[in-house]
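Peer 1: Next comes data-v6.cif, mmCIF, C-alpha atoms:
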data_my_file
loop_
_atom_site.label_atom_id
_atom_site.label_comp_id
_atom_site.auth_asym_id
_atom_site.auth_seq_id
_atom_site.Cartn_x
_atom_site.Cartn_y
_atom_site.Cartn_z
CA MET A 1 -59.66 -151.47 -12.36
CA LEU A 2 -57.86 -148.37 -13.72
CA ASN A 3 -57.93 -149.67 -17.28
CA ASP A 4 -61.75 -149.53 -17.18
CA ASP A 5 -62.91 -146.70 -19.47
CA SER A 6 -65.85 -145.87 -17.18
CA VAL A 7 -63.43 -145.36 -14.27
CA ILE A 8 -60.95 -143.29 -16.32
CA SER A 9 -63.66 -140.71 -16.97
CA THR A 10 -63.83 -140.01 -13.22
CA VAL A 11 -60.06 -139.83 -12.58
CA ARG A 12 -58.49 -136.50 -11.62
CA THR A 13 -54.69 -136.43 -11.78
CA ALA A 14 -52.79 -133.60 -10.10
CA ASN A 15 -49.27 -132.35 -9.55
CA GLU A 16 -47.04 -129.29 -9.13
CA ALA A 17 -44.50 -127.78 -11.51
CA HIS A 18 -42.00 -124.92 -11.48
CA PHE A 19 -42.15 -122.15 -14.08
CA HIS A 20 -38.78 -120.37 -14.15
CA LEU A 21 -38.55 -116.75 -15.25
CA SER A 22 -35.42 -117.67 -17.23
CA GLY A 23 -37.52 -120.02 -19.35
CA TYR A 24 -35.57 -123.02 -18.08
CA VAL A 25 -37.62 -126.23 -18.31
CA ASN A 26 -36.90 -128.97 -15.78
CA LYS A 27 -36.33 -132.10 -17.84
CA GLN A 28 -36.20 -134.55 -14.93
CA ASN A 29 -39.15 -136.44 -16.41
CA TYR A 30 -37.58 -136.75 -19.84
CA ARG A 31 -35.56 -139.84 -20.73
CA TYR A 32 -33.13 -140.34 -23.62
CA TRP A 33 -32.49 -143.95 -24.64
CA ALA A 34 -29.52 -144.63 -26.90
CA PRO A 35 -26.76 -147.24 -27.26
CA GLU A 36 -24.12 -144.56 -26.56
CA ASN A 37 -23.81 -141.58 -24.21
CA PRO A 38 -25.04 -138.54 -26.20
CA GLN A 39 -22.68 -136.25 -24.23
CA GLU A 40 -25.38 -133.60 -23.94
CA LEU A 41 -24.69 -130.63 -21.64
CA CYS A 42 -27.62 -128.59 -20.30
CA GLN A 43 -26.81 -125.26 -18.66
CA ARG A 44 -29.18 -123.15 -16.57
CA PRO A 45 -29.00 -120.20 -14.18
CA VAL A 46 -28.17 -121.13 -10.59
CA HIS A 47 -30.72 -118.74 -9.06
CA SER A 48 -33.69 -118.11 -11.33
CA GLU A 49 -36.93 -116.64 -10.04
CA ARG A 50 -39.68 -119.21 -10.28
CA LEU A 51 -43.35 -119.87 -9.72
CA THR A 52 -44.67 -123.10 -8.18
CA VAL A 53 -47.99 -124.08 -9.73
CA TRP A 54 -50.50 -126.81 -8.88
CA CYS A 55 -53.09 -128.05 -11.35
CA GLY A 56 -55.44 -130.98 -11.65
CA ILE A 57 -56.73 -132.37 -14.92
CA ALA A 58 -59.82 -134.47 -15.61
CA SER A 59 -62.13 -135.15 -18.52
CA PHE A 60 -64.17 -132.03 -17.74
CA GLY A 61 -61.15 -129.71 -17.91
CA VAL A 62 -58.24 -128.29 -15.93
CA LEU A 63 -58.59 -127.51 -12.24
CA GLY A 64 -56.43 -124.55 -11.32
CA PRO A 65 -54.02 -122.94 -11.41
CA TYR A 66 -53.12 -122.64 -7.73
CA PHE A 67 -49.88 -120.83 -6.89
CA PHE A 68 -47.85 -121.83 -3.85
CA GLU A 69 -46.50 -118.51 -2.62
CA GLY A 70 -45.82 -116.53 0.53
CA ASN A 71 -47.31 -113.23 1.69
CA LYS A 72 -45.04 -111.26 -0.66
CA GLY A 73 -45.80 -113.42 -3.67
CA ALA A 74 -42.52 -115.36 -3.64
CA ALA A 75 -42.57 -119.09 -4.37
CA VAL A 76 -42.47 -121.32 -1.30
CA THR A 77 -41.53 -124.97 -0.82
CA VAL A 78 -44.58 -127.22 -1.03
CA THR A 79 -44.87 -128.63 2.48
CA SER A 80 -47.59 -130.82 3.92
CA GLU A 81 -49.09 -127.75 5.59
CA CYS A 82 -49.21 -125.88 2.25
CA TYR A 83 -50.67 -128.89 0.48
CA VAL A 84 -53.42 -129.42 3.06
CA ALA A 85 -54.32 -125.72 2.88
CA MET A 86 -54.59 -125.97 -0.90
CA LEU A 87 -56.86 -129.04 -0.68
CA HIS A 88 -59.10 -127.34 1.90
CA ASN A 89 -59.21 -123.83 0.45
CA PHE A 90 -58.95 -124.42 -3.28
CA CYS A 91 -59.26 -127.98 -4.57
CA GLU A 92 -62.44 -129.04 -2.77
CA PRO A 93 -64.33 -125.76 -3.39
CA ALA A 94 -63.28 -125.76 -7.05
CA LEU A 95 -64.55 -129.30 -7.62
CA ARG A 96 -67.85 -128.48 -5.95
CA HIS A 97 -68.10 -125.31 -8.06
CA HIS A 98 -67.96 -127.55 -11.14
CA GLY A 99 -70.85 -129.58 -9.71
CA ILE A 100 -68.62 -132.62 -9.19
CA ASP A 101 -69.72 -135.32 -6.74
CA LEU A 102 -66.48 -135.94 -4.84
CA SER A 103 -67.54 -139.45 -3.86
CA SER A 104 -67.42 -140.43 -7.56
CA VAL A 105 -63.96 -138.97 -8.25
CA TRP A 106 -60.73 -140.97 -8.24
CA CYS A 107 -57.84 -138.72 -7.16
CA GLN A 108 -54.36 -139.61 -8.45
CA GLN A 109 -51.14 -138.04 -7.16
CA ASP A 110 -47.46 -139.00 -7.03
CA GLY A 111 -45.59 -140.02 -3.91
CA ALA A 112 -44.00 -136.65 -3.06
CA THR A 113 -43.51 -136.30 0.70
CA ALA A 114 -45.93 -133.37 1.00
CA HIS A 115 -48.60 -135.48 -0.71
CA THR A 116 -48.27 -138.55 1.49
CA THR A 117 -47.87 -137.26 5.05
CA ARG A 118 -50.46 -138.34 7.59
CA ALA A 119 -52.19 -134.95 7.46
CA SER A 120 -52.35 -134.90 3.64
CA MET A 121 -53.61 -138.46 3.33
CA SER A 122 -56.20 -137.86 6.04
CA ILE A 123 -57.89 -135.04 4.15
CA LEU A 124 -57.61 -136.88 0.81
CA ARG A 125 -59.31 -139.96 2.27
CA GLU A 126 -62.02 -137.70 3.65
CA MET A 127 -62.54 -135.91 0.33
CA PHE A 128 -62.32 -139.02 -1.88
CA PRO A 129 -63.33 -142.00 0.30
CA GLN A 130 -61.77 -145.24 -1.00
CA HIS A 131 -60.84 -143.40 -4.22
CA VAL A 132 -57.27 -142.21 -3.65
CA ILE A 133 -54.59 -143.42 -6.08
CA SER A 134 -51.28 -142.82 -4.35
CA ARG A 135 -48.44 -144.49 -2.52
CA GLY A 136 -49.72 -146.40 0.50
CA CYS A 137 -53.38 -145.77 -0.30
CA ASN A 138 -56.41 -147.46 -1.87
CA VAL A 139 -54.68 -147.98 -5.22
CA PRO A 140 -50.85 -147.97 -5.07
CA TRP A 141 -49.13 -145.74 -7.64
CA PRO A 142 -45.71 -146.68 -9.00
CA ALA A 143 -42.81 -144.36 -8.27
CA ARG A 144 -41.22 -142.40 -11.13
CA SER A 145 -44.11 -142.92 -13.56
CA PRO A 146 -44.57 -139.58 -15.39
CA ASP A 147 -45.68 -141.43 -18.53
CA LEU A 148 -48.85 -142.37 -16.63
CA SER A 149 -49.64 -138.92 -15.25
CA SER A 150 -51.54 -136.54 -17.54
CA CYS A 151 -49.96 -133.50 -15.88
CA ASP A 152 -46.49 -134.80 -16.75
CA TYR A 153 -47.11 -136.23 -20.22
CA PHE A 154 -49.33 -133.38 -21.38
CA LEU A 155 -50.21 -130.38 -19.23
CA TRP A 156 -46.85 -129.00 -18.08
CA GLY A 157 -45.18 -129.36 -21.46
CA TYR A 158 -48.16 -127.83 -23.25
CA LEU A 159 -48.45 -124.90 -20.84
CA LYS A 160 -44.74 -124.08 -20.92
CA SER A 161 -44.69 -124.20 -24.70
CA ARG A 162 -47.47 -121.60 -24.70
CA VAL A 163 -46.46 -119.43 -21.73
CA PHE A 164 -42.88 -118.80 -22.82
CA ILE A 165 -43.72 -117.86 -26.42
CA SER A 166 -44.19 -114.24 -25.29
CA LYS A 167 -40.95 -114.29 -23.23
CA PRO A 168 -42.49 -113.06 -19.93
CA ARG A 169 -40.33 -110.57 -18.05
CA SER A 170 -41.76 -110.99 -14.56
CA ILE A 171 -43.41 -113.57 -12.33
CA ALA A 172 -46.65 -111.57 -12.59
CA GLU A 173 -46.58 -111.96 -16.37
CA ILE A 174 -46.01 -115.70 -16.05
CA LYS A 175 -48.97 -116.01 -13.66
CA HIS A 176 -51.22 -114.06 -16.01
CA SER A 177 -50.15 -116.11 -19.01
CA ILE A 178 -50.73 -119.41 -17.18
CA LYS A 179 -54.27 -118.33 -16.25
CA VAL A 180 -55.03 -117.23 -19.80
CA GLU A 181 -53.68 -120.39 -21.43
CA ILE A 182 -55.53 -122.69 -19.02
CA ALA A 183 -58.77 -120.79 -19.56
CA VAL A 184 -58.70 -121.47 -23.32
CA ILE A 185 -57.90 -125.20 -23.14
CA PRO A 186 -61.03 -126.79 -24.68
CA GLU A 187 -62.85 -129.62 -22.93
CA GLN A 188 -62.38 -131.79 -26.02
CA MET A 189 -58.63 -131.61 -25.48
CA THR A 190 -58.72 -132.68 -21.83
CA ARG A 191 -61.15 -135.46 -22.73
CA ARG A 192 -58.68 -136.79 -25.32
CA VAL A 193 -55.84 -136.50 -22.81
CA MET A 194 -57.69 -138.63 -20.27
CA GLU A 195 -58.72 -141.14 -22.95
CA ASN A 196 -55.02 -141.40 -23.76
CA LEU A 197 -54.36 -142.17 -20.08
CA GLY A 198 -56.59 -145.24 -20.47
CA VAL A 199 -54.57 -146.32 -23.52
CA ARG A 200 -51.32 -145.89 -21.59
CA LEU A 201 -52.55 -147.87 -18.60
CA LYS A 202 -53.67 -150.77 -20.79
CA GLN A 203 -50.33 -150.75 -22.61
CA CYS A 204 -48.50 -150.67 -19.27
CA LEU A 205 -50.40 -153.77 -18.15
CA ARG A 206 -49.62 -155.56 -21.43
CA ASN A 207 -45.93 -154.63 -21.06
CA GLY A 208 -45.78 -155.93 -17.51
CA GLY A 209 -44.87 -152.47 -16.21
CA ARG A 210 -42.01 -151.90 -18.65
CA HIS A 211 -41.44 -148.81 -20.82
CA LEU A 212 -44.29 -147.67 -23.04
CA SER A 213 -44.12 -147.70 -26.82
CA ASP A 214 -43.23 -144.36 -28.46
CA ILE A 215 -46.50 -144.48 -30.40
CA LEU A 216 -48.34 -143.60 -27.20
CA PHE A 217 -46.62 -140.30 -26.69
CA THR A 218 -49.26 -138.31 -28.56
CA THR A 219 -52.60 -137.02 -27.35
#
Could the structure of this file be written out as structure tokens, please?
Peer 2:
Amino acid sequence: MLNDDSVISTVRTANEAHFHLSGYVNKQNYRYWAPENPQELCQRPVHSERLTVWCGIASFGVLGPYFFEGNKGAAVTVTSECYVAMLHNFCEPALRHHGIDLSSVWCQQDGATAHTTRASMSILREMFPQHVISRGCNVPWPARSPDLSSCDYFLWGYLKSRVFISKPRSIAEIKHSIKVEIAVIPEQMTRRVMENLGVRLKQCLRNGGRHLSDILFTT
């Protein structure tokens, strides 16, 4: 079903990422394959101020950003309560603002705990009836599959490469830069990104779920 091009055009993938003031980039989704241990050492500050950002991406463009933060603007842990509030107060109104018929949208998310609690899944099923792609839902989503999530294989890397060029000196500057960079992402780019998702899914099926070919890691 998900390798159908007509369905891919209605898929919205979403996720959160941390933007650290130090410029540190979390490489947990990167993998290095080699016959020998490369003995690479990555150092980072123990306590770096950070911003937690949520975005969704679809053929029509980027939805967001939404910042998970407390009353004083500090980043907060993304809990089920925070996630539900975001869906209610930001995601649904933003989609409707774009004139999107929610009943036609397929919503894809990873299996993070905040995403898959009873409260979170309840509102997602209500917003996207029979169209939720997630662990334990209408279409199961494999764990640890960043190569099949447009936020992971495109958006976060692209945004961080742009945001940190100017070496922001405060969280406020990072927030401003994120908003500016998202605003200028052309629709043609997000359309190509989602078309690439279809290519990746088809290749994944042909590979029987094994690693994707390096040739696919371009958009």
Peer 1: Hey, can you check how far atom CA of Gly61 of chain A sits from atom CA of Thr113 of chain A?
Peer 2: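 Taking atom CA of Gly61 of chain A as the start and atom CA of Thr113 of chain A as the end point, the length is 26.5 Å.
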Peer 1: Between A:Ala114, A:Gln188, A:Gly198, A:Asn207, which residue has the minimum interatomic distance to Ser59 of chain A, considering only C-alpha atoms?
Peer 2: A:Gln188
Peer 1: Dump as a Markdown table the rows for residues of segment 51-70 of chain A within 12 Å of segment 183-187 of chain A: closest atom pair and distance in Å with one decimal, only C-alpha atoms counted, ordered by chain and rising residue number.
Peer 2:
| residue | atom | partner | partner_atom | distance |
| --- | --- | --- | --- | --- |
| A:Ile57 | CA | A:Glu187 | CA | 10.4 |
| A:Ala58 | CA | A:Glu187 | CA | 9.3 |
| A:Ser59 | CA | A:Glu187 | CA | 7.1 |
| A:Phe60 | CA | A:Glu187 | CA | 5.9 |
| A:Gly61 | CA | A:Glu187 | CA | 5.3 |
| A:Val62 | CA | A:Ile185 | CA | 7.9 |
| A:Leu63 | CA | A:Ala183 | CA | 9.9 |
| A:Gly64 | CA | A:Ala183 | CA | 9.4 |
| A:Pro65 | CA | A:Ala183 | CA | 9.7 |
Peer 1: For this file, the PyMOL selection byres ((chain A and resi 119) around 12) selects which residues, as an MDAnalysis selection string?
Peer 2: chainID A and resid 79:85 87:88 113:118 120:126
Peer 1: Do you know which residues the PyMOL selection byres ((chain A and resi 152-158) around 8) returns on this file, as a VMD selection string?
Peer 2: chain A and resid 17 29 146 to 151 159 to 162 193 217 219
Peer 1: A:Val105, A:Gly111, A:Cys55, A:Ala75: which is nearest Ile182 of chain A, counting only C-alpha atoms?
Peer 2: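 Of all the options, A:Cys55 lies closest to Ile182 of chain A.
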Peer 1: If I take atom CA of His18 of chain A and atom CA of Thr52 of chain A, how far is one from the other in Å, to one decimal?
Peer 2: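 Those two atoms sit 4.6 Å apart.
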